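Data from data.pdb: PDB, C-alpha atoms
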ATOM      1  CA  MET Y   1     -35.688  10.479   6.456
ATOM      2  CA  ARG Y   2     -38.003   9.817   3.530
ATOM      3  CA  THR Y   3     -38.705  12.522   1.008
ATOM      4  CA  ALA Y   4     -41.564  12.865  -1.450
ATOM      5  CA  ALA Y   5     -39.442  11.149  -4.104
ATOM      6  CA  GLU Y   6     -38.471   8.283  -1.775
ATOM      7  CA  GLN Y   7     -41.393   6.058  -0.857
ATOM      8  CA  GLN Y   8     -39.155   3.545   0.881
ATOM      9  CA  LEU Y   9     -35.552   3.530   2.039
ATOM     10  CA  PRO Y  10     -33.361   0.474   1.357
ATOM     11  CA  ALA Y  11     -33.070  -1.831   4.346
ATOM     12  CA  VAL Y  12     -32.117  -5.358   5.329
ATOM     13  CA  GLY Y  13     -35.191  -7.531   4.697
ATOM     14  CA  LEU Y  14     -34.980  -9.347   8.023
ATOM     15  CA  LYS Y  15     -38.431 -10.958   7.826
ATOM     16  CA  ARG Y  16     -37.935 -12.161   4.260
ATOM     17  CA  LEU Y  17     -34.508 -13.608   5.045
ATOM     18  CA  LYS Y  18     -35.914 -15.346   8.124
ATOM     19  CA  LYS Y  19     -38.608 -16.949   5.989
ATOM     20  CA  MET Y  20     -35.900 -18.165   3.633
ATOM     21  CA  LEU Y  21     -34.043 -19.790   6.548
ATOM     22  CA  LYS Y  22     -37.275 -21.227   7.933
ATOM     23  CA  LYS Y  23     -37.936 -22.871   4.578
ATOM     24  CA  CYS Y  24     -34.412 -24.259   4.620
ATOM     25  CA  ARG Y  25     -34.878 -25.613   8.184
ATOM     26  CA  SER Y  26     -38.150 -27.345   7.306
ATOM     27  CA  HIS Y  27     -36.534 -28.855   4.223
ATOM     28  CA  HIS Y  28     -33.702 -30.389   6.255
ATOM     29  CA  ALA Y  29     -35.776 -31.206   9.372
ATOM     30  CA  PRO Y  30     -36.353 -34.928   8.526
ATOM     31  CA  HIS Y  31     -32.623 -35.481   8.326
ATOM     32  CA  HIS Y  32     -32.062 -34.111  11.824
ATOM     33  CA  LYS Y  33     -34.693 -36.342  13.438
ATOM     34  CA  THR Y  34     -33.128 -39.700  12.545
ATOM     35  CA  SER Y  35     -29.998 -39.967  14.646
ATOM     36  CA  SER Y  36     -27.024 -37.995  15.788
ATOM     37  CA  ALA Y  37     -24.838 -39.546  13.073
ATOM     38  CA  ASP Y  38     -27.390 -38.746  10.395
ATOM     39  CA  ALA Y  39     -27.757 -35.246  11.801
ATOM     40  CA  GLY Y  40     -24.018 -34.732  11.526
ATOM     41  CA  ALA Y  41     -24.056 -35.940   7.942
ATOM     42  CA  SER Y  42     -27.018 -33.720   7.130
ATOM     43  CA  SER Y  43     -25.346 -30.642   8.618
ATOM     44  CA  ALA Y  44     -22.206 -31.476   6.671
ATOM     45  CA  ARG Y  45     -24.194 -31.635   3.455
ATOM     46  CA  CYS Y  46     -25.947 -28.364   4.296
ATOM     47  CA  HIS Y  47     -22.687 -26.608   5.164
ATOM     48  CA  GLY Y  48     -21.675 -24.626   2.101
ATOM     49  CA  HIS Y  49     -23.953 -26.640  -0.201
ATOM     50  CA  CYS Y  50     -27.475 -25.800   0.929
ATOM     51  CA  SER Y  51     -29.882 -26.795  -1.843
ATOM     52  CA  VAL Y  52     -32.583 -24.409  -0.564
ATOM     53  CA  CYS Y  53     -30.882 -21.075   0.141
ATOM     54  CA  ASP Y  54     -27.496 -21.558  -1.497
ATOM     55  CA  GLY Y  55     -27.061 -18.896  -4.151
ATOM     56  CA  SER Y  56     -29.911 -16.736  -2.868
ATOM     57  CA  PHE Y  57     -29.324 -15.832   0.796
ATOM     58  CA  PHE Y  58     -25.875 -14.206   0.669
ATOM     59  CA  PRO Y  59     -26.340 -12.501  -2.730
ATOM     60  CA  SER Y  60     -29.635 -11.056  -1.487
ATOM     61  CA  LEU Y  61     -28.063  -9.845   1.768
ATOM     62  CA  LEU Y  62     -25.105  -8.425  -0.163
ATOM     63  CA  ASP Y  63     -27.395  -6.422  -2.468
ATOM     64  CA  GLU Y  64     -29.471  -5.107   0.429
ATOM     65  CA  MET Y  65     -26.480  -4.045   2.535
ATOM     66  CA  SER Y  66     -24.804  -2.434  -0.479
ATOM     67  CA  ALA Y  67     -27.962  -0.375  -1.056
ATOM     68  CA  VAL Y  68     -28.155   0.541   2.659
ATOM     69  CA  VAL Y  69     -24.513   1.686   2.840
ATOM     70  CA  GLY Y  70     -24.883   3.637  -0.405
ATOM     71  CA  CYS Y  71     -27.992   5.417   0.912
ATOM     72  CA  PHE Y  72     -26.350   6.150   4.286
ATOM     73  CA  ASN Y  73     -23.157   7.527   2.709
ATOM     74  CA  GLU Y  74     -25.067   9.708   0.260
ATOM     75  CA  LYS Y  75     -27.342  11.241   2.904
ATOM     76  CA  ALA Y  76     -24.514  11.730   5.426
ATOM     77  CA  LYS Y  77     -22.362  13.409   2.782
ATOM     78  CA  LYS Y  78     -25.198  15.774   1.852
ATOM     79  CA  LEU Y  79     -25.864  16.645   5.505
ATOM     80  CA  LEU Y  80     -22.222  17.363   6.305
ATOM     81  CA  GLU Y  81     -21.737  19.415   3.137
ATOM     82  CA  LEU Y  82     -24.637  21.561   4.287
ATOM     83  CA  HIS Y  83     -23.035  22.042   7.695
ATOM     84  CA  LEU Y  84     -19.540  22.814   6.347
ATOM     85  CA  ALA Y  85     -20.604  25.082   3.487
ATOM     86  CA  SER Y  86     -19.347  28.663   3.640
ATOM     87  CA  GLY Y  87     -19.609  31.888   1.682
ATOM     88  CA  PHE Y  88     -21.868  32.035  -1.361
ATOM     89  CA  LYS Y  89     -22.084  28.248  -1.523
ATOM     90  CA  LYS Y  90     -23.572  28.188   1.978
ATOM     91  CA  TYR Y  91     -26.418  30.538   1.024
ATOM     92  CA  VAL Y  92     -27.130  28.593  -2.171
ATOM     93  CA  MET Y  93     -27.258  25.259  -0.314
ATOM     94  CA  TRP Y  94     -29.403  26.609   2.532
ATOM     95  CA  PHE Y  95     -31.775  28.232   0.056
ATOM     96  CA  SER Y  96     -32.104  24.979  -1.925
ATOM     97  CA  ASN Y  97     -32.767  23.108   1.361
ATOM     98  CA  ARG Y  98     -35.319  25.519   2.806
ATOM     99  CA  GLY Y  99     -37.020  22.772   4.810
ATOM    100  CA  HIS Y 100     -33.808  21.851   6.638
ATOM    101  CA  LYS Y 101     -32.759  25.167   8.153
ATOM    102  CA  GLY Y 102     -31.482  25.437  11.684
ATOM    103  CA  HIS Y 103     -29.085  23.381  13.778
ATOM    104  CA  GLY Y 104     -32.017  21.525  15.305
ATOM    105  CA  LYS Y 105     -32.972  20.118  11.903
ATOM    106  CA  LEU Y 106     -29.367  19.133  11.180
ATOM    107  CA  ILE Y 107     -29.114  17.352  14.524
ATOM    108  CA  GLN Y 108     -32.366  15.472  13.914
ATOM    109  CA  GLN Y 109     -31.187  14.373  10.470
ATOM    110  CA  GLY Y 110     -27.897  13.185  11.975
ATOM    111  CA  LYS Y 111     -29.755  11.264  14.677
ATOM    112  CA  ASP Y 112     -32.006   9.620  12.075
ATOM    113  CA  LEU Y 113     -28.980   8.577  10.026
ATOM    114  CA  VAL Y 114     -27.255   7.015  13.037
ATOM    115  CA  THR Y 115     -30.449   5.159  13.981
ATOM    116  CA  TYR Y 116     -30.788   3.939  10.399
ATOM    117  CA  ALA Y 117     -27.203   2.624  10.482
ATOM    118  CA  ILE Y 118     -27.674   0.840  13.824
ATOM    119  CA  ILE Y 119     -30.963  -0.817  12.837
ATOM    120  CA  ASN Y 120     -29.471  -2.304   9.684
ATOM    121  CA  ALA Y 121     -26.183  -3.283  11.370
ATOM    122  CA  VAL Y 122     -28.085  -5.157  14.102
ATOM    123  CA  ALA Y 123     -30.376  -6.784  11.516
ATOM    124  CA  MET Y 124     -27.373  -8.074   9.549
ATOM    125  CA  ARG Y 125     -25.709  -9.476  12.661
ATOM    126  CA  LYS Y 126     -28.887 -11.228  13.788
ATOM    127  CA  ILE Y 127     -29.648 -12.836  10.435
ATOM    128  CA  LEU Y 128     -26.058 -14.066  10.017
ATOM    129  CA  LYS Y 129     -26.155 -15.577  13.505
ATOM    130  CA  LYS Y 130     -29.419 -17.311  12.637
ATOM    131  CA  TYR Y 131     -27.941 -18.597   9.364
ATOM    132  CA  ASP Y 132     -25.094 -20.282  11.269
ATOM    133  CA  LYS Y 133     -27.548 -21.768  13.767
ATOM    134  CA  VAL Y 134     -29.764 -23.260  11.056
ATOM    135  CA  HIS Y 135     -26.909 -24.592   8.944
ATOM    136  CA  TYR Y 136     -24.545 -25.607  11.751
ATOM    137  CA  SER Y 137     -21.823 -23.650   9.986
ATOM    138  CA  LYS Y 138     -19.585 -20.605  10.336
ATOM    139  CA  GLN Y 139     -20.370 -19.110   6.949
ATOM    140  CA  GLY Y 140     -22.351 -16.293   8.533
ATOM    141  CA  GLN Y 141     -19.407 -15.240  10.687
ATOM    142  CA  GLU Y 142     -17.073 -15.527   7.698
ATOM    143  CA  PHE Y 143     -19.402 -13.321   5.669
ATOM    144  CA  LYS Y 144     -19.452 -10.833   8.540
ATOM    145  CA  ALA Y 145     -15.644 -10.800   8.583
ATOM    146  CA  GLN Y 146     -15.599 -10.149   4.842
ATOM    147  CA  ALA Y 147     -18.174  -7.354   5.060
ATOM    148  CA  GLN Y 148     -15.564  -4.649   5.569
ATOM    149  CA  SER Y 149     -13.600  -5.624   2.452
ATOM    150  CA  LEU Y 150     -16.914  -5.760   0.564
ATOM    151  CA  HIS Y 151     -17.711  -2.196   1.804
ATOM    152  CA  ILE Y 152     -21.051  -3.269   3.333
ATOM    153  CA  GLU Y 153     -20.150  -2.972   7.048
ATOM    154  CA  ILE Y 154     -22.039   0.225   7.754
ATOM    155  CA  LEU Y 155     -20.411   0.794  11.148
ATOM    156  CA  GLN Y 156     -17.034   0.960   9.357
ATOM    157  CA  SER Y 157     -18.231   3.718   7.030
ATOM    158  CA  PRO Y 158     -16.035   6.847   7.224
ATOM    159  CA  TRP Y 159     -19.228   8.906   7.190
ATOM    160  CA  LEU Y 160     -20.174   7.473  10.593
ATOM    161  CA  SER Y 161     -16.939   8.823  12.085
ATOM    162  CA  GLU Y 162     -17.696  12.130  10.342
ATOM    163  CA  LEU Y 163     -21.152  12.198  11.968
ATOM    164  CA  MET Y 164     -19.553  11.527  15.355
ATOM    165  CA  ALA Y 165     -17.125  14.415  14.811
ATOM    166  CA  PHE Y 166     -20.018  16.573  13.536
ATOM    167  CA  TYR Y 167     -21.902  15.948  16.781
ATOM    168  CA  MET Y 168     -18.888  16.830  18.941
ATOM    169  CA  ASN Y 169     -18.148  19.975  16.940
ATOM    170  CA  LEU Y 170     -21.772  21.047  17.199
ATOM    171  CA  ARG Y 171     -21.839  20.290  20.922
ATOM    172  CA  ARG Y 172     -18.745  22.443  21.395
ATOM    173  CA  SER Y 173     -20.161  25.409  19.468
ATOM    174  CA  LYS Y 174     -23.845  25.154  20.394
ATOM    175  CA  ASN Y 175     -25.320  24.498  23.825
ATOM    176  CA  ASN Y 176     -28.187  22.453  22.464
ATOM    177  CA  GLU Y 177     -29.919  19.683  24.437
ATOM    178  CA  ALA Y 178     -30.992  17.972  21.215
ATOM    179  CA  ALA Y 179     -27.325  17.540  20.285
ATOM    180  CA  MET Y 180     -26.787  15.518  23.453
ATOM    181  CA  GLU Y 181     -29.280  12.907  22.234
ATOM    182  CA  LEU Y 182     -27.575  12.255  18.900
ATOM    183  CA  PHE Y 183     -25.124   9.798  20.454
ATOM    184  CA  GLY Y 184     -25.373   8.116  23.839
ATOM    185  CA  ASP Y 185     -21.808   8.854  24.852
ATOM    186  CA  CYS Y 186     -19.204  10.222  22.464
ATOM    187  CA  SER Y 187     -15.690  11.277  23.425
ATOM    188  CA  LEU Y 188     -12.190  11.872  22.116
ATOM    189  CA  THR Y 189      -9.528  10.526  24.464
ATOM    190  CA  PHE Y 190      -5.717  10.686  24.392
ATOM    191  CA  ASP Y 191      -4.550   7.611  26.324
ATOM    192  CA  ASP Y 192      -0.734   7.408  26.192
ATOM    193  CA  GLU Y 193      -0.887  10.089  23.500
ATOM    194  CA  GLN Y 194      -2.920   7.726  21.306
ATOM    195  CA  PRO Y 195      -6.145   9.518  20.236
ATOM    196  CA  THR Y 196      -9.310   7.412  20.049
ATOM    197  CA  LEU Y 197     -12.806   8.485  19.038
ATOM    198  CA  SER Y 198     -15.282   6.391  21.051
ATOM    199  CA  CYS Y 199     -19.042   6.267  21.004
ATOM    200  CA  ASN Y 200     -21.833   4.232  22.593
ATOM    201  CA  LEU Y 201     -24.669   4.041  20.086
ATOM    202  CA  PHE Y 202     -27.935   3.979  22.049
ATOM    203  CA  ASP Y 203     -26.590   1.353  24.486
ATOM    204  CA  SER Y 204     -26.681  -1.288  21.731
ATOM    205  CA  MET Y 205     -23.070  -1.256  20.533
ATOM    206  CA  ARG Y 206     -19.801   0.588  20.881
ATOM    207  CA  VAL Y 207     -17.596   2.018  18.149
ATOM    208  CA  ASP Y 208     -13.906   2.831  18.761
ATOM    209  CA  ILE Y 209     -11.933   4.562  16.003
ATOM    210  CA  SER Y 210      -8.174   4.972  16.386
ATOM    211  CA  LEU Y 211      -6.973   8.361  15.148
ATOM    212  CA  THR Y 212      -3.298   7.387  15.003
ATOM    213  CA  CYS Y 213      -1.982   7.207  11.451
ATOM    214  CA  SER Y 214      -0.538   3.734  10.796
ATOM    215  CA  ILE Y 215       2.060   5.197   8.420
ATOM    216  CA  CYS Y 216       3.649   8.070  10.389
ATOM    217  CA  LEU Y 217       2.491   6.684  13.777
ATOM    218  CA  ASP Y 218       1.357  10.147  14.835
ATOM    219  CA  THR Y 219      -2.026  11.800  15.393
ATOM    220  CA  MET Y 220      -3.745  12.157  12.034
ATOM    221  CA  PHE Y 221      -3.449  15.494  10.274
ATOM    222  CA  ASP Y 222      -5.772  16.366   7.383
ATOM    223  CA  PRO Y 223      -7.254  12.833   7.588
ATOM    224  CA  VAL Y 224      -8.628  11.022   4.553
ATOM    225  CA  SER Y 225     -10.502   7.743   4.401
ATOM    226  CA  LEU Y 226      -9.721   5.281   1.617
ATOM    227  CA  SER Y 227     -12.426   3.216  -0.096
ATOM    228  CA  CYS Y 228     -11.612   0.286   2.196
ATOM    229  CA  GLY Y 229     -12.423   2.440   5.259
ATOM    230  CA  HIS Y 230      -8.903   2.872   6.649
ATOM    231  CA  ILE Y 231      -7.937   6.421   7.655
ATOM    232  CA  PHE Y 232      -4.528   8.062   7.199
ATOM    233  CA  CYS Y 233      -2.956  11.524   6.946
ATOM    234  CA  TYR Y 234      -3.294  13.066   3.502
ATOM    235  CA  LEU Y 235       0.461  13.417   2.947
ATOM    236  CA  CYS Y 236       0.999   9.832   4.128
ATOM    237  CA  CYS Y 237      -1.605   8.643   1.619
ATOM    238  CA  CYS Y 238       0.091  10.543  -1.196
ATOM    239  CA  SER Y 239       3.393   8.947  -0.251
ATOM    240  CA  ALA Y 240       1.845   5.448  -0.065
ATOM    241  CA  ALA Y 241       0.156   5.921  -3.455
ATOM    242  CA  SER Y 242       3.362   7.327  -5.013
ATOM    243  CA  VAL Y 243       1.671  10.546  -6.154
ATOM    244  CA  THR Y 244       2.536  14.193  -5.565
ATOM    245  CA  ILE Y 245       0.341  16.580  -3.583
ATOM    246  CA  VAL Y 246      -0.095  18.578  -6.792
ATOM    247  CA  ASP Y 247      -1.573  15.625  -8.694
ATOM    248  CA  GLY Y 248      -3.548  14.373  -5.678
ATOM    249  CA  LEU Y 249      -4.942  10.957  -4.813
ATOM    250  CA  LYS Y 250      -7.329  10.914  -7.782
ATOM    251  CA  SER Y 251      -4.314  10.400 -10.030
ATOM    252  CA  ALA Y 252      -3.154   7.318  -8.093
ATOM    253  CA  ASP Y 253      -2.626   4.081  -9.983
ATOM    254  CA  HIS Y 254      -5.532   1.660  -9.564
ATOM    255  CA  ARG Y 255      -2.993  -1.031  -8.718
ATOM    256  CA  SER Y 256      -1.832   0.907  -5.630
ATOM    257  CA  LYS Y 257      -2.792  -0.932  -2.445
ATOM    258  CA  CYS Y 258      -3.906   0.130   1.017
ATOM    259  CA  PRO Y 259      -0.931  -0.037   3.442
ATOM    260  CA  LEU Y 260      -3.040  -2.029   5.937
ATOM    261  CA  CYS Y 261      -5.436  -4.376   4.129
ATOM    262  CA  ARG Y 262      -3.538  -4.447   0.790
ATOM    263  CA  GLN Y 263      -6.728  -3.876  -1.181
ATOM    264  CA  ALA Y 264      -6.059  -2.329  -4.593
ATOM    265  CA  GLY Y 265      -7.730   0.708  -6.150
ATOM    266  CA  VAL Y 266      -8.655   2.424  -2.876
ATOM    267  CA  PHE Y 267      -6.917   5.796  -3.379
ATOM    268  CA  PRO Y 268      -8.829   7.554  -6.226
ATOM    269  CA  ASN Y 269     -12.116   7.651  -4.277
ATOM    270  CA  ALA Y 270     -10.586   8.737  -0.953
ATOM    271  CA  VAL Y 271     -12.743  11.036   1.198
ATOM    272  CA  HIS Y 272     -11.449  14.054   3.122
ATOM    273  CA  LEU Y 273     -12.788  13.926   6.701
ATOM    274  CA  ASP Y 274     -13.266  17.653   7.306
ATOM    275  CA  GLU Y 275     -15.369  17.355  10.489
ATOM    276  CA  LEU Y 276     -12.776  15.037  12.022
ATOM    277  CA  ASN Y 277     -10.032  17.438  11.014
ATOM    278  CA  MET Y 278     -11.866  20.294  12.769
ATOM    279  CA  LEU Y 279     -12.389  18.175  15.895
ATOM    280  CA  LEU Y 280      -8.692  17.310  16.178
ATOM    281  CA  SER Y 281      -7.641  20.941  15.610
ATOM    282  CA  TYR Y 282      -9.886  22.075  18.503
ATOM    283  CA  SER Y 283      -8.903  19.199  20.808
ATOM    284  CA  CYS Y 284      -5.111  19.544  20.593
ATOM    285  CA  PRO Y 285      -4.379  23.136  19.464
ATOM    286  CA  GLU Y 286      -0.677  23.185  20.417
ATOM    287  CA  TYR Y 287       0.115  19.979  18.564
ATOM    288  CA  TRP Y 288      -2.023  21.123  15.645
ATOM    289  CA  GLU Y 289      -0.204  24.443  15.292
ATOM    290  CA  LYS Y 290       3.180  22.727  15.377
ATOM    291  CA  ARG Y 291       2.079  20.042  12.924
ATOM    292  CA  MET Y 292       0.548  22.644  10.599
ATOM    293  CA  GLN Y 293       3.843  24.520  10.365
ATOM    294  CA  MET Y 294       5.698  21.294   9.600
ATOM    295  CA  GLU Y 295       3.114  20.298   6.990
ATOM    296  CA  ARG Y 296       3.306  23.719   5.338
ATOM    297  CA  ILE Y 297       7.095  23.429   4.966
ATOM    298  CA  GLU Y 298       6.804  19.864   3.664
ATOM    299  CA  ARG Y 299       4.090  20.731   1.139
ATOM    300  CA  VAL Y 300       6.078  23.670  -0.198
ATOM    301  CA  ARG Y 301       9.120  21.424  -0.588
ATOM    302  CA  LEU Y 302       7.144  18.703  -2.380
ATOM    303  CA  ALA Y 303       5.426  21.205  -4.659
ATOM    304  CA  LYS Y 304       8.791  22.787  -5.496
ATOM    305  CA  GLU Y 305      10.294  19.379  -6.335
ATOM    306  CA  HIS Y 306       7.287  18.539  -8.512
ATOM    307  CA  TRP Y 307       7.458  21.713 -10.598
ATOM    308  CA  GLU Y 308      11.239  21.512 -10.901
ATOM    309  CA  SER Y 309      10.921  17.990 -12.292
ATOM    310  CA  GLN Y 310       8.195  19.187 -14.692
ATOM    311  CA  CYS Y 311      10.452  22.008 -15.906
ATOM    312  CA  ARG Y 312      13.379  19.627 -16.427
ATOM    313  CA  ALA Y 313      11.132  17.248 -18.361
ATOM    314  CA  PHE Y 314       9.833  20.116 -20.517
ATOM    315  CA  LEU Y 315      13.351  21.411 -21.274
ATOM    316  CA  GLY Y 316      14.659  17.895 -21.858
ATOM    317  CA  VAL Y 317      17.341  18.253 -19.212
TER     318      VAL Y 317
END
As structure tokens, how would this structure be written, given the file I've shared?
Amino acid sequence: MRTAAEQQLPAVGLKRLKKMLKKCRSHHAPHHKTSSADAGASSARCHGHCSVCDGSFFPSLLDEMSAVVGCFNEKAKKLLELHLASGFKKYVMWFSNRGHKGHGKLIQQGKDLVTYAIINAVAMRKILKKYDKVHYSKQGQEFKAQAQSLHIEILQSPWLSELMAFYMNLRRSKNNEAAMELFGDCSLTFDDEQPTLSCNLFDSMRVDISLTCSICLDTMFDPVSLSCGHIFCYLCCCSAASVTIVDGLKSADHRSKCPLCRQAGVFPNAVHLDELNMLLSYSCPEYWEKRMQMERIERVRLAKEHWESQCRAFLGV
């Protein structure tokens, strides 16, 4: 994954963080050897108020994971743009990326990105588990629970779901053995008409992504991912953000909140999931055709209402 300009990719410094915890353990070791009562008091003092690693462990982990997620998102976005490019733009992008031609190269880059995500996700989970063990606390698990709202849970990145859809689209169009190795087992299922994108990542963990929009309660159409990682239909997002389809989500008020997690300011930086949109259109063509006709009628109606209101405002009616 490294290029000539990148000597080292950002990663979770597992060894360095372990040394930090080891130093903390040795510092508090005498307290734990006295008695069970003293040990309980020592662990209570260490919980949330560690004099050794308080103020350095979590900020350091936060910075590292933020850098990892940023690197992963940037590289995944670049890879998928290369795959989805068409027309003149496609030739320009392929010419500027001469060393990455061919579906085999794209597959290998996708596999490297997924491996990179898994390695860092596992490293974060291990170090947080060790933190709780050393400090007799639950701060590590609390930090893990907050990771999604902090945008540093790499397995919740919308670009991971895009890579999964990219793999399935490529597998459908190209009979390539290398594509089979990108993910251990990836599938799109419709249990009780509820679509779910599932994937086993190299037998180490499983990711399940529900593709039912929480607003319209139907299979997602033209899906977009908000900054918080939640995925909805594009029209549903516009409705939730109180913006028209003409103005788009970029014009949404920064005070607008996600319908699920209630986090503010998540609409302007929403990402269109084009690979996922293609996957759903191929997987349920009858539903997609029917939904597309309904969406076309709805978009024309909304656009007409928008321009009529603009005309009335201009004429002062």
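Taking CA of Ser227 in chain Y as the reference point, CA of Ser66 in chain Y is found at 13.6 Å.
For the residues Y:Ala76, Y:Leu226, Y:Leu302, Y:Ile231, ranking by smallest atom-to-atom distance to Gly265 in chain Y using all atoms listed in the file places Y:Leu226 first.
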*Selected residue, from Y:Glu286, Y:Glu298, Y:Glu153, Y:Asp112, that lies nearest to Leu62 in chain Y when counting all atoms listed in the file*: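 Between Y:Glu286, Y:Glu298, Y:Glu153, Y:Asp112, the residue approaching Leu62 in chain Y most closely is Y:Glu153.
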*Residues selected by the PyMOL selection byres ((chain Y and resi 165-169) around 10), written as a VMD selection string*: chain Y and resid 79 to 80 83 to 84 106 to 107 110 to 111 159 to 164 170 to 174 179 to 183 186 to 188 197 273 to 280 282
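Going from CA of Lys18 in chain Y to CA of Asn120 in chain Y covers 14.6 Å.
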*asked:* Between Y:Val68, Y:Leu9, Y:His254, Y:Val246, which residue has the minimum interatomic distance to Ala123 in chain Y, considering only C-alpha atoms?
replied: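 Of all the options, Y:Val68 lies closest to Ala123 in chain Y.
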*CA of Ala240 in chain Y to CA of Cys258 in chain Y, distance in Å rounded to a single decimal*: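 Going from CA of Ala240 in chain Y over to CA of Cys258 in chain Y, I get 7.9 Å.
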*Hey, which of Y:Ala270, Y:Val114, Y:Ser256, Y:Lys304 ends up closest to Cys199 in chain Y? Count only C-alpha atoms.*
Y:Val114
_Quick check on the file I pasted: which residues fall under the PyMOL selection byres ((chain Y and resi 140) around 9)? Write them as a count of residues only._
16
*Name the residues that the PyMOL selection byres ((chain Y and resi 225) around 10) picks from the file above, as number ranges by chain, using the file's chain letters and numbers.*
Y: 157-159, 223-224, 226-234, 237, 266-267, 269-273
*asked:* Set the distance at 6 Å and use all atoms listed in the file: which residues neighbour Met220 in chain Y once local chain neighbours fewer than 4 positions away are removed? I'd like the list as a ChimeraX atom specification.
replied: /Y:211-213,233
